[in-house]
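To be precise, the following lines are data-v2.tsv, and they hold TSV, C-alpha atoms.
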```tsv
chain	number	residue	atom	x	y	z
H	1	MET	CA	-15.50	0.21	-7.75
H	2	ALA	CA	-15.34	-1.83	-4.53
H	3	ILE	CA	-14.82	-5.11	-6.43
H	4	LYS	CA	-12.21	-3.48	-8.68
H	5	GLY	CA	-10.37	-2.10	-5.65
H	6	LEU	CA	-10.50	-5.48	-3.87
H	7	HIS	CA	-8.97	-7.28	-6.86
H	8	ALA	CA	-6.25	-4.62	-7.16
H	9	ALA	CA	-5.40	-5.02	-3.45
H	10	LEU	CA	-5.20	-8.82	-3.71
H	11	LEU	CA	-2.99	-8.80	-6.82
H	12	SER	CA	-0.77	-6.18	-5.19
H	13	ALA	CA	-0.50	-8.42	-2.12
H	14	ILE	CA	0.51	-11.45	-4.18
H	15	LEU	CA	3.31	-9.57	-5.93
H	16	PHE	CA	4.60	-8.02	-2.71
H	17	GLY	CA	4.26	-11.22	-0.69
H	18	MET	CA	6.74	-12.97	-2.98
H	19	SER	CA	9.48	-10.39	-2.37
H	20	PRO	CA	10.95	-11.53	1.00
H	21	VAL	CA	11.51	-15.06	-0.30
H	22	ALA	CA	12.91	-13.88	-3.64
H	23	CYS	CA	15.24	-11.41	-1.89
H	24	LYS	CA	16.36	-13.98	0.67
H	25	ALA	CA	17.32	-16.33	-2.15
H	26	ILE	CA	19.72	-13.86	-3.81
H	27	VAL	CA	20.71	-11.29	-1.14
H	28	GLY	CA	23.98	-12.94	-0.03
H	29	GLN	CA	26.21	-10.34	1.70
H	30	MET	CA	24.46	-7.39	0.07
H	31	PRO	CA	24.12	-4.45	2.53
H	32	ALA	CA	20.60	-3.65	3.64
H	33	SER	CA	20.78	-0.13	2.19
H	34	LEU	CA	21.84	-1.42	-1.24
H	35	LEU	CA	19.09	-4.05	-1.21
H	36	ALA	CA	16.51	-1.39	-0.33
H	37	GLY	CA	17.86	0.99	-2.96
H	38	LEU	CA	17.91	-1.57	-5.78
H	39	LEU	CA	14.37	-2.72	-4.99
H	40	TYR	CA	12.98	0.79	-5.26
H	41	LEU	CA	15.24	1.72	-8.17
H	42	GLY	CA	13.92	-1.32	-10.05
H	43	SER	CA	10.41	-0.13	-9.25
H	44	GLY	CA	11.12	3.37	-10.59
H	45	LEU	CA	12.89	2.18	-13.73
H	46	GLY	CA	10.13	-0.30	-14.56
H	47	LEU	CA	7.42	2.32	-14.14
H	48	THR	CA	9.30	4.93	-16.17
H	49	GLY	CA	8.46	2.90	-19.26
H	50	ALA	CA	4.78	2.85	-18.30
H	51	VAL	CA	4.73	6.62	-17.70
H	52	LEU	CA	6.39	7.34	-21.05
H	53	HIS	CA	4.11	4.86	-22.83
H	54	HIS	CA	0.99	6.63	-21.58
H	55	LYS	CA	2.48	10.01	-22.59
H	56	LEU	CA	1.42	11.64	-19.35
H	57	PRO	CA	1.79	15.45	-19.18
H	58	ILE	CA	4.26	15.12	-16.32
H	59	PHE	CA	5.18	18.80	-16.01
H	60	ASP	CA	1.54	19.96	-15.99
H	61	ILE	CA	0.54	17.32	-13.42
H	62	VAL	CA	3.43	18.02	-11.06
H	63	SER	CA	3.09	21.80	-11.30
H	64	SER	CA	-0.59	21.56	-10.34
H	65	LEU	CA	0.21	20.07	-6.92
H	66	SER	CA	-0.65	22.26	-3.96
H	67	ARG	CA	1.85	23.07	-1.22
H	68	ARG	CA	0.09	20.62	1.09
H	69	GLN	CA	0.35	17.87	-1.52
H	70	TRP	CA	4.07	18.54	-1.97
H	71	VAL	CA	4.52	18.12	1.79
H	72	TYR	CA	2.52	14.87	1.71
H	73	LEU	CA	4.60	13.60	-1.21
H	74	ALA	CA	7.91	14.47	0.46
H	75	VAL	CA	6.96	12.80	3.74
H	76	ALA	CA	5.57	9.74	1.92
H	77	ILE	CA	8.83	9.33	-0.01
H	78	ALA	CA	10.98	9.84	3.11
H	79	ALA	CA	8.93	7.46	5.28
H	80	GLY	CA	7.81	4.78	2.83
H	81	GLY	CA	10.51	5.02	0.17
H	82	VAL	CA	13.71	5.78	2.08
H	83	ALA	CA	13.39	4.73	5.71
H	84	ALA	CA	10.95	1.79	5.56
H	85	PRO	CA	12.90	-0.21	2.93
H	86	LEU	CA	16.04	0.14	5.03
H	87	PHE	CA	14.33	-1.42	8.05
H	88	LEU	CA	12.76	-4.14	5.88
H	89	ALA	CA	16.05	-4.93	4.15
H	90	PHE	CA	17.71	-5.29	7.57
H	91	GLY	CA	14.96	-7.72	8.59
H	92	ILE	CA	15.36	-9.72	5.38
H	93	ARG	CA	19.15	-9.75	5.74
H	94	TYR	CA	19.27	-11.01	9.34
H	95	GLY	CA	15.88	-12.64	9.93
H	96	THR	CA	14.10	-15.57	8.32
H	97	ALA	CA	11.79	-15.18	5.34
H	98	THR	CA	8.96	-16.69	7.37
H	99	GLU	CA	9.36	-14.18	10.19
H	100	VAL	CA	9.54	-11.23	7.78
H	101	SER	CA	6.55	-12.41	5.74
H	102	LEU	CA	4.27	-12.85	8.74
H	103	LEU	CA	5.26	-9.58	10.41
H	104	LEU	CA	4.51	-7.63	7.22
H	105	ASN	CA	0.87	-8.03	8.25
H	106	PHE	CA	1.51	-5.36	10.88
H	107	GLU	CA	1.44	-2.79	8.08
H	108	THR	CA	-2.34	-3.24	7.96
H	109	VAL	CA	-2.58	-2.34	11.67
H	110	ALA	CA	-0.45	0.78	11.31
H	111	THR	CA	-2.34	1.92	8.23
H	112	THR	CA	-5.75	1.38	9.82
H	113	VAL	CA	-4.96	3.10	13.11
H	114	LEU	CA	-3.47	6.14	11.34
H	115	ALA	CA	-6.41	6.30	8.93
H	116	TRP	CA	-8.75	6.38	11.91
H	117	LEU	CA	-6.72	8.84	14.00
H	118	ILE	CA	-5.65	11.32	11.34
H	119	PHE	CA	-8.19	11.10	8.52
H	120	HIS	CA	-11.18	9.93	10.60
H	121	GLU	CA	-11.85	7.02	8.25
H	122	HIS	CA	-14.73	4.89	9.47
H	123	ILE	CA	-13.54	1.56	10.87
H	124	GLY	CA	-16.15	-1.10	11.61
H	125	TYR	CA	-15.96	-3.54	14.50
H	126	ARG	CA	-15.04	-6.41	12.17
H	127	VAL	CA	-11.92	-4.57	11.03
H	128	TRP	CA	-10.93	-3.71	14.61
H	129	ILE	CA	-11.27	-7.33	15.74
H	130	GLY	CA	-9.08	-8.41	12.86
H	131	LYS	CA	-6.42	-5.84	13.75
H	132	VAL	CA	-6.35	-6.91	17.41
H	133	LEU	CA	-5.71	-10.51	16.34
H	134	ILE	CA	-2.88	-9.41	14.04
H	135	ILE	CA	-1.30	-7.35	16.85
H	136	GLY	CA	-1.42	-10.31	19.22
H	137	ALA	CA	0.13	-12.64	16.65
H	138	SER	CA	2.86	-10.09	15.81
H	139	ILE	CA	3.83	-9.81	19.48
H	140	GLY	CA	4.09	-13.60	19.68
H	141	ILE	CA	6.44	-13.70	16.66
H	142	VAL	CA	8.72	-10.91	17.90
H	143	LEU	CA	9.05	-12.51	21.36
H	144	THR	CA	11.24	-15.40	20.23
H	145	GLY	CA	13.77	-17.61	21.98
H	146	THR	CA	13.78	-20.85	23.88
H	147	ASP	CA	15.31	-19.50	27.09
H	148	GLY	CA	12.60	-17.11	28.24
H	149	VAL	CA	11.45	-14.00	26.42
H	150	GLN	CA	13.87	-12.66	23.84
H	151	LEU	CA	13.15	-9.83	21.42
H	152	SER	CA	13.86	-10.46	17.75
H	153	VAL	CA	15.78	-7.43	16.44
H	154	PRO	CA	15.07	-8.26	12.77
H	155	GLY	CA	11.40	-8.62	13.73
H	156	LEU	CA	11.38	-5.20	15.38
H	157	ALA	CA	12.98	-3.75	12.24
H	158	VAL	CA	10.12	-5.16	10.13
H	159	LEU	CA	7.56	-3.66	12.54
H	160	ALA	CA	9.29	-0.27	12.21
H	161	ALA	CA	9.09	-0.57	8.41
H	162	CYS	CA	5.38	-1.37	8.66
H	163	LEU	CA	4.75	1.71	10.81
H	164	LEU	CA	6.53	3.91	8.27
H	165	TRP	CA	4.55	2.34	5.43
H	166	GLY	CA	1.37	3.04	7.37
H	167	ILE	CA	2.28	6.74	7.29
H	168	ASP	CA	3.13	6.48	3.60
H	169	ASN	CA	-0.15	4.72	2.73
H	170	ASN	CA	-2.34	7.34	4.35
H	171	LEU	CA	-0.47	10.26	2.79
H	172	THR	CA	-0.47	8.58	-0.62
H	173	ARG	CA	-4.25	8.29	-0.46
H	174	GLU	CA	-4.44	12.11	-0.42
H	175	LEU	CA	-2.40	12.53	-3.64
H	176	GLU	CA	-5.33	11.80	-5.93
H	177	SER	CA	-4.31	14.23	-8.69
H	178	LEU	CA	-1.17	12.19	-9.41
H	179	PRO	CA	-1.69	9.15	-11.69
H	180	ALA	CA	-0.78	5.98	-9.81
H	181	SER	CA	2.02	5.01	-12.22
H	182	LEU	CA	3.61	8.49	-12.05
H	183	LEU	CA	3.36	8.63	-8.25
H	184	ALA	CA	4.92	5.19	-7.84
H	185	CYS	CA	7.63	6.05	-10.40
H	186	MET	CA	8.58	9.25	-8.54
H	187	LYS	CA	8.76	7.40	-5.23
H	188	GLY	CA	10.78	4.56	-6.70
H	189	LEU	CA	13.40	6.66	-8.48
H	190	SER	CA	13.94	9.16	-5.67
H	191	ALA	CA	14.04	6.58	-2.85
H	192	GLY	CA	16.05	4.10	-4.91
H	193	LEU	CA	18.76	6.55	-5.92
H	194	PHE	CA	19.08	7.83	-2.34
H	195	ASN	CA	19.57	4.39	-0.81
H	196	VAL	CA	21.92	3.16	-3.55
H	197	LEU	CA	24.14	6.24	-3.18
H	198	LEU	CA	24.03	5.87	0.61
H	199	SER	CA	25.15	2.25	0.34
H	200	LEU	CA	27.97	3.04	-2.11
H	201	PHE	CA	29.20	5.73	0.28
H	202	LEU	CA	29.10	3.57	3.43
H	203	PHE	CA	29.80	0.00	2.30
H	204	ARG	CA	32.12	-1.92	-0.01
H	205	ASN	CA	30.56	-5.39	0.16
H	206	PRO	CA	31.05	-7.38	-3.07
H	207	VAL	CA	27.90	-8.06	-5.09
H	208	THR	CA	27.46	-9.90	-8.37
H	209	GLY	CA	25.74	-8.76	-11.54
H	210	LEU	CA	23.16	-11.51	-11.05
H	211	GLN	CA	22.31	-10.19	-7.59
H	212	VAL	CA	21.90	-6.63	-8.87
H	213	THR	CA	19.81	-7.68	-11.88
H	214	GLY	CA	17.66	-10.02	-9.84
H	215	THR	CA	16.98	-7.37	-7.19
H	216	LEU	CA	16.02	-4.81	-9.87
H	217	VAL	CA	13.54	-7.29	-11.40
H	218	ILE	CA	12.05	-8.07	-7.97
H	219	GLY	CA	11.71	-4.34	-7.38
H	220	ALA	CA	9.95	-3.76	-10.70
H	221	LEU	CA	7.34	-6.44	-9.96
H	222	SER	CA	7.00	-6.65	-6.18
H	223	TYR	CA	7.37	-2.92	-5.53
H	224	GLY	CA	6.59	-1.12	-8.80
H	225	ALA	CA	3.63	-3.02	-10.22
H	226	SER	CA	2.43	-3.88	-6.72
H	227	LEU	CA	2.52	-0.22	-5.63
H	228	VAL	CA	0.51	0.95	-8.65
H	229	LEU	CA	-2.17	-1.64	-7.88
H	230	PHE	CA	-2.07	-0.68	-4.19
H	231	ILE	CA	-2.60	3.02	-5.00
H	232	HIS	CA	-5.59	2.16	-7.20
H	233	ALA	CA	-7.06	0.13	-4.35
H	234	LEU	CA	-6.48	2.97	-1.85
H	235	ARG	CA	-8.51	5.29	-4.04
H	236	ASP	CA	-11.29	2.77	-4.57
H	237	ILE	CA	-11.82	1.28	-1.11
H	238	GLY	CA	-9.81	3.40	1.35
H	239	SER	CA	-6.74	2.81	3.50
H	240	ALA	CA	-8.12	0.45	6.16
H	241	ARG	CA	-9.78	-2.01	3.80
H	242	THR	CA	-6.98	-1.97	1.23
H	243	SER	CA	-4.42	-2.76	3.92
H	244	THR	CA	-6.60	-5.56	5.29
H	245	TRP	CA	-6.93	-7.30	1.92
H	246	PHE	CA	-3.24	-6.62	1.31
H	247	ALA	CA	-2.53	-8.77	4.38
H	248	SER	CA	-3.05	-11.89	2.26
H	249	GLY	CA	0.38	-11.36	0.67
H	250	PRO	CA	2.52	-12.32	3.67
H	251	PHE	CA	0.85	-15.75	3.84
H	252	ILE	CA	2.01	-16.38	0.29
H	253	GLY	CA	5.53	-15.44	1.35
H	254	THR	CA	5.30	-17.79	4.33
H	255	LEU	CA	4.33	-20.77	2.17
H	256	LEU	CA	7.04	-19.95	-0.39
H	257	SER	CA	9.67	-19.76	2.37
H	258	VAL	CA	8.84	-23.35	3.27
H	259	ILE	CA	8.57	-24.66	-0.29
H	260	VAL	CA	11.42	-22.73	-1.96
H	261	LEU	CA	13.88	-22.02	0.85
H	262	GLY	CA	13.18	-25.13	2.92
H	263	GLU	CA	12.63	-23.14	6.12
H	264	ARG	CA	10.97	-24.97	8.99
H	265	PRO	CA	9.22	-22.38	11.17
H	266	PRO	CA	8.52	-23.32	14.80
H	267	GLY	CA	5.01	-24.29	15.79
H	268	GLU	CA	4.41	-20.87	17.36
H	269	TYR	CA	4.77	-19.25	13.93
H	270	TRP	CA	2.05	-21.44	12.45
H	271	VAL	CA	-0.26	-20.59	15.35
H	272	ALA	CA	0.44	-16.89	14.74
H	273	ALA	CA	-0.27	-17.34	11.04
H	274	LEU	CA	-3.66	-18.91	11.80
H	275	VAL	CA	-4.51	-16.07	14.20
H	276	MET	CA	-3.60	-13.48	11.56
H	277	LEU	CA	-5.58	-15.33	8.91
H	278	SER	CA	-8.64	-15.43	11.16
H	279	GLY	CA	-8.24	-11.67	11.62
H	280	MET	CA	-8.52	-11.21	7.86
H	281	PHE	CA	-11.74	-13.18	7.65
H	282	PHE	CA	-13.49	-10.72	9.95
H	283	LEU	CA	-13.54	-8.31	7.02
H	284	TYR	CA	-15.84	-10.60	5.04
H	285	GLY	CA	-19.44	-9.54	5.16
H	286	GLU	CA	-18.67	-5.96	6.25
H	287	ARG	CA	-21.34	-3.55	5.03
H	288	HIS	CA	-21.22	0.17	5.68
H	289	ARG	CA	-24.36	2.12	4.82
H	290	HIS	CA	-25.92	5.35	6.05
H	291	LEU	CA	-27.41	8.62	4.82
H	292	HIS	CA	-24.57	10.89	3.72
H	293	GLN	CA	-24.14	14.15	1.86
H	294	HIS	CA	-21.84	14.97	-1.05
H	295	GLU	CA	-20.66	18.56	-1.35
H	296	ARG	CA	-20.01	20.18	-4.72
H	297	PHE	CA	-16.65	18.91	-5.92
H	298	VAL	CA	-14.54	19.30	-9.08
H	299	HIS	CA	-11.77	16.84	-9.97
H	300	ALA	CA	-10.48	14.51	-12.68
H	301	HIS	CA	-10.03	10.74	-12.49
H	302	PRO	CA	-11.00	7.61	-14.47
H	303	HIS	CA	-14.74	6.92	-14.08
H	304	VAL	CA	-17.88	5.51	-15.66
H	305	HIS	CA	-21.33	7.05	-15.53
H	306	ASP	CA	-22.89	5.80	-12.29
H	307	GLU	CA	-24.89	7.34	-9.46
H	308	HIS	CA	-21.98	9.62	-8.60
H	309	HIS	CA	-21.13	10.57	-12.20
H	310	GLN	CA	-24.21	11.80	-14.01
H	311	HIS	CA	-22.76	14.67	-16.02
H	312	LEU	CA	-23.62	15.01	-19.70
H	313	HIS	CA	-21.51	14.40	-22.81
H	314	GLU	CA	-22.15	14.72	-26.48
H	315	GLU	CA	-23.69	11.54	-27.87
H	316	GLY	CA	-21.01	8.90	-28.31
H	317	GLU	CA	-18.31	11.20	-26.95
H	318	CYS	CA	-17.44	9.11	-23.87
H	319	GLU	CA	-18.33	5.46	-23.65
H	320	GLY	CA	-17.10	3.12	-20.93
H	321	SER	CA	-14.33	4.24	-18.59
H	322	HIS	CA	-12.90	7.68	-19.35
H	323	GLU	CA	-11.10	10.54	-17.62
H	324	HIS	CA	-11.67	14.29	-17.68
H	325	LEU	CA	-12.33	17.22	-15.37
H	326	HIS	CA	-15.90	16.93	-14.13
H	327	VAL	CA	-18.23	18.45	-11.53
H	328	HIS	CA	-20.05	16.62	-8.75
H	329	GLU	CA	-23.19	18.49	-7.77
H	330	PRO	CA	-24.45	18.34	-4.16
H	331	MET	CA	-26.26	15.09	-3.40
H	332	THR	CA	-27.70	13.36	-0.34
H	333	HIS	CA	-28.42	9.64	-0.46
H	334	SER	CA	-27.86	6.31	1.28
H	335	HIS	CA	-26.12	3.24	-0.10
H	336	VAL	CA	-23.42	0.71	0.78
H	337	HIS	CA	-20.10	2.46	0.27
H	338	TRP	CA	-16.40	2.34	1.02
H	339	PRO	CA	-14.11	5.28	1.86
H	340	ASP	CA	-13.11	5.88	-1.76
H	341	ILE	CA	-12.33	9.30	-3.26
H	342	HIS	CA	-16.04	10.19	-3.20
H	343	HIS	CA	-16.73	9.08	0.38
H	344	ARG	CA	-14.26	10.77	2.71
H	345	HIS	CA	-16.98	12.17	4.95
H	346	ARG	CA	-16.79	12.11	8.75
H	347	HIS	CA	-18.80	9.76	10.96
```

Could I get this file's structure written as structure tokens?
Amino acid sequence: MAIKGLHAALLSAILFGMSPVACKAIVGQMPASLLAGLLYLGSGLGLTGAVLHHKLPIFDIVSSLSRRQWVYLAVAIAAGGVAAPLFLAFGIRYGTATEVSLLLNFETVATTVLAWLIFHEHIGYRVWIGKVLIIGASIGIVLTGTDGVQLSVPGLAVLAACLLWGIDNNLTRELESLPASLLACMKGLSAGLFNVLLSLFLFRNPVTGLQVTGTLVIGALSYGASLVLFIHALRDIGSARTSTWFASGPFIGTLLSVIVLGERPPGEYWVAALVMLSGMFFLYGERHRHLHQHERFVHAHPHVHDEHHQHLHEEGECEGSHEHLHVHEPMTHSHVHWPDIHHRHRH
């Protein structure tokens, strides 16, 4: 599960890391709210096909949500789907693709700190060292200017988006009963429609059909497909580690901004990039193992029969990965583990 979650986080990062450069290439005079809305609307529309293809019992799934889960879902949509894209779109519109790409790494810091503070997720010293390096590099990028210290407003907007996504990531982790594609589809459609309508009400900037179509496609890939993969990773390896591996995406965006857009970042940006990259490498070799206890638990999710799934089936009934309602009996053991859906215990 850890390897599967790691691969999902990396692929999600690659898709998302391409988005600032792709958006910068086509955004023109498009208002930030319209850009944000089209990106998420493209995500929702693309995932609608996936939801319908899998014939998910949408009504049954949604009606089974508890009141607490509805609150989590509403706050996640408001923070990560409505507000955060607005701040990011402002940063893309008025900042450079390099600046935006590098500062997106701050999302890993926000996610990790909130996971530790609110959900008491275990964070090892390697992860903390990596986060400190990313914070230091982010401060260096935001403090731009040749004549003394000067705050970058687009950079601050990106940091605000990252903080909001940190809230979104941690709340999304708790919505385990919602299939990843359905959850991402709901967030995309609701947030996308809100921001598009907001933009149409407030602005009249001319946009072309190519800009609209291109933004929708970017949204379907860099937000829709990327978000589904990100949710899978959250459930497999937890918020802190998913966000740390996800930090590889901005470096892809930085390189593309140089190759595709011809940007020439100042030397300070490259130093910051190296510091952030070194922060990521601290995660390598992390091993978390101790004696822990599993309480009796009943839930449904895709699984294979391993040390945590030892329930019985009729012969040949379920082979390989399958999904159904199953019971976890109490168990106490010790092994290397990540904070996935079966290891949310306190430390």

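Taking atom CA of Gly17 of chain H and atom CA of Asp236 of chain H as endpoints, the distance between them is 21.3 Å.
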
- Message: Residues within 12 Å of Val217 of chain H, please, as a count of residues only. Count only C-alpha atoms; anything in the same chain fewer than 5 positions from it doesn't count.
- Response: 22

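Using only C-alpha atoms, the nearest neighbour of Ala115 of chain H within the list H:Ile167, H:Leu221, H:Leu197, H:Ala32 is H:Ile167.
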
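Minimum atom-to-atom distance to Arg68 of chain H, evaluated using only C-alpha atoms, belongs to H:Glu174 out of H:Glu174, H:Gly253, H:Phe90, H:His7.
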
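The space between atom CA of Val62 of chain H and atom CA of Leu227 of chain H spans 19.1 Å.
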
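Rounded to one decimal, atom CA of Thr111 of chain H and atom CA of Leu163 of chain H lie 7.5 Å from each other.
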
Enclose all atoms of segment 158-174 of chain H listed in the file in an axis-aligned box, grow every side by 3 Å, and hand back centre and edge lengths in Å to one decimal, as AutoDock Vina command-line options.
```
--center_x 2.8 --center_y 3.5 --center_z 6.0 --size_x 20.6 --size_y 23.3 --size_z 19.2
```

- Around (20.0, -3.0, 2.7) in the file's frame, which residues reach within 10 Å when counting all atoms listed in the file? Return as a PyMOL selection string? chain H and resi 27+29-39+85-93+195-196+198-199

- Compare H:Ala13, H:Ala161, H:Leu261, H:Leu133 by their minimum atom-to-atom distance to Ser278 of chain H, counting all atoms listed in the file, and give me the closest one. H:Leu133

- Message: Need the shell around Leu159 of chain H: protein/DNA/RNA residues with any atom at most 8 Å away, counting all atoms listed in the file. Skip same-chain ones fewer than 4 positions apart. Format as a PyMOL selection string?
- Response: chain H and resi 103-104+106-107+155+163

Sort by chain and increasing residue number a table of all residues of segment 151-190 of chain H within 10 Å of segment 134-143 of chain H, each with its closest pair of atoms and their distance in Å to one decimal, counting only C-alpha atoms, and write it as a Markdown table.
```
| residue | atom | partner | partner_atom | distance |
| --- | --- | --- | --- | --- |
| H:Leu151 | CA | H:Leu143 | CA | 4.9 |
| H:Ser152 | CA | H:Val142 | CA | 5.2 |
| H:Val153 | CA | H:Val142 | CA | 8.0 |
| H:Pro154 | CA | H:Val142 | CA | 8.6 |
| H:Gly155 | CA | H:Val142 | CA | 5.5 |
| H:Leu156 | CA | H:Val142 | CA | 6.8 |
| H:Val158 | CA | H:Val142 | CA | 9.8 |
| H:Leu159 | CA | H:Ser138 | CA | 8.6 |
```

- Dig up all the protein and nucleic acid residues within 9 Å of (-1.3, -7.1, 8.1) in the file frame, using all atoms listed in the file, and format them as a ChimeraX atom specification. /H:102-110,131,134-135,162,243-250,276,280

Pull C-alpha atoms from the residues just selected and write them as a PDB file, in the frame of the given file.
```
ATOM      1  CA  LEU H 102       4.270 -12.850   8.740  1.00  0.00           C
ATOM      2  CA  LEU H 103       5.260  -9.580  10.410  1.00  0.00           C
ATOM      3  CA  LEU H 104       4.510  -7.630   7.220  1.00  0.00           C
ATOM      4  CA  ASN H 105       0.870  -8.030   8.250  1.00  0.00           C
ATOM      5  CA  PHE H 106       1.510  -5.360  10.880  1.00  0.00           C
ATOM      6  CA  GLU H 107       1.440  -2.790   8.080  1.00  0.00           C
ATOM      7  CA  THR H 108      -2.340  -3.240   7.960  1.00  0.00           C
ATOM      8  CA  VAL H 109      -2.580  -2.340  11.670  1.00  0.00           C
ATOM      9  CA  ALA H 110      -0.450   0.780  11.310  1.00  0.00           C
ATOM     10  CA  LYS H 131      -6.420  -5.840  13.750  1.00  0.00           C
ATOM     11  CA  ILE H 134      -2.880  -9.410  14.040  1.00  0.00           C
ATOM     12  CA  ILE H 135      -1.300  -7.350  16.850  1.00  0.00           C
ATOM     13  CA  CYS H 162       5.380  -1.370   8.660  1.00  0.00           C
ATOM     14  CA  SER H 243      -4.420  -2.760   3.920  1.00  0.00           C
ATOM     15  CA  THR H 244      -6.600  -5.560   5.290  1.00  0.00           C
ATOM     16  CA  TRP H 245      -6.930  -7.300   1.920  1.00  0.00           C
ATOM     17  CA  PHE H 246      -3.240  -6.620   1.310  1.00  0.00           C
ATOM     18  CA  ALA H 247      -2.530  -8.770   4.380  1.00  0.00           C
ATOM     19  CA  SER H 248      -3.050 -11.890   2.260  1.00  0.00           C
ATOM     20  CA  GLY H 249       0.380 -11.360   0.670  1.00  0.00           C
ATOM     21  CA  PRO H 250       2.520 -12.320   3.670  1.00  0.00           C
ATOM     22  CA  MET H 276      -3.600 -13.480  11.560  1.00  0.00           C
ATOM     23  CA  MET H 280      -8.520 -11.210   7.860  1.00  0.00           C
TER      24      MET H 280
END
```
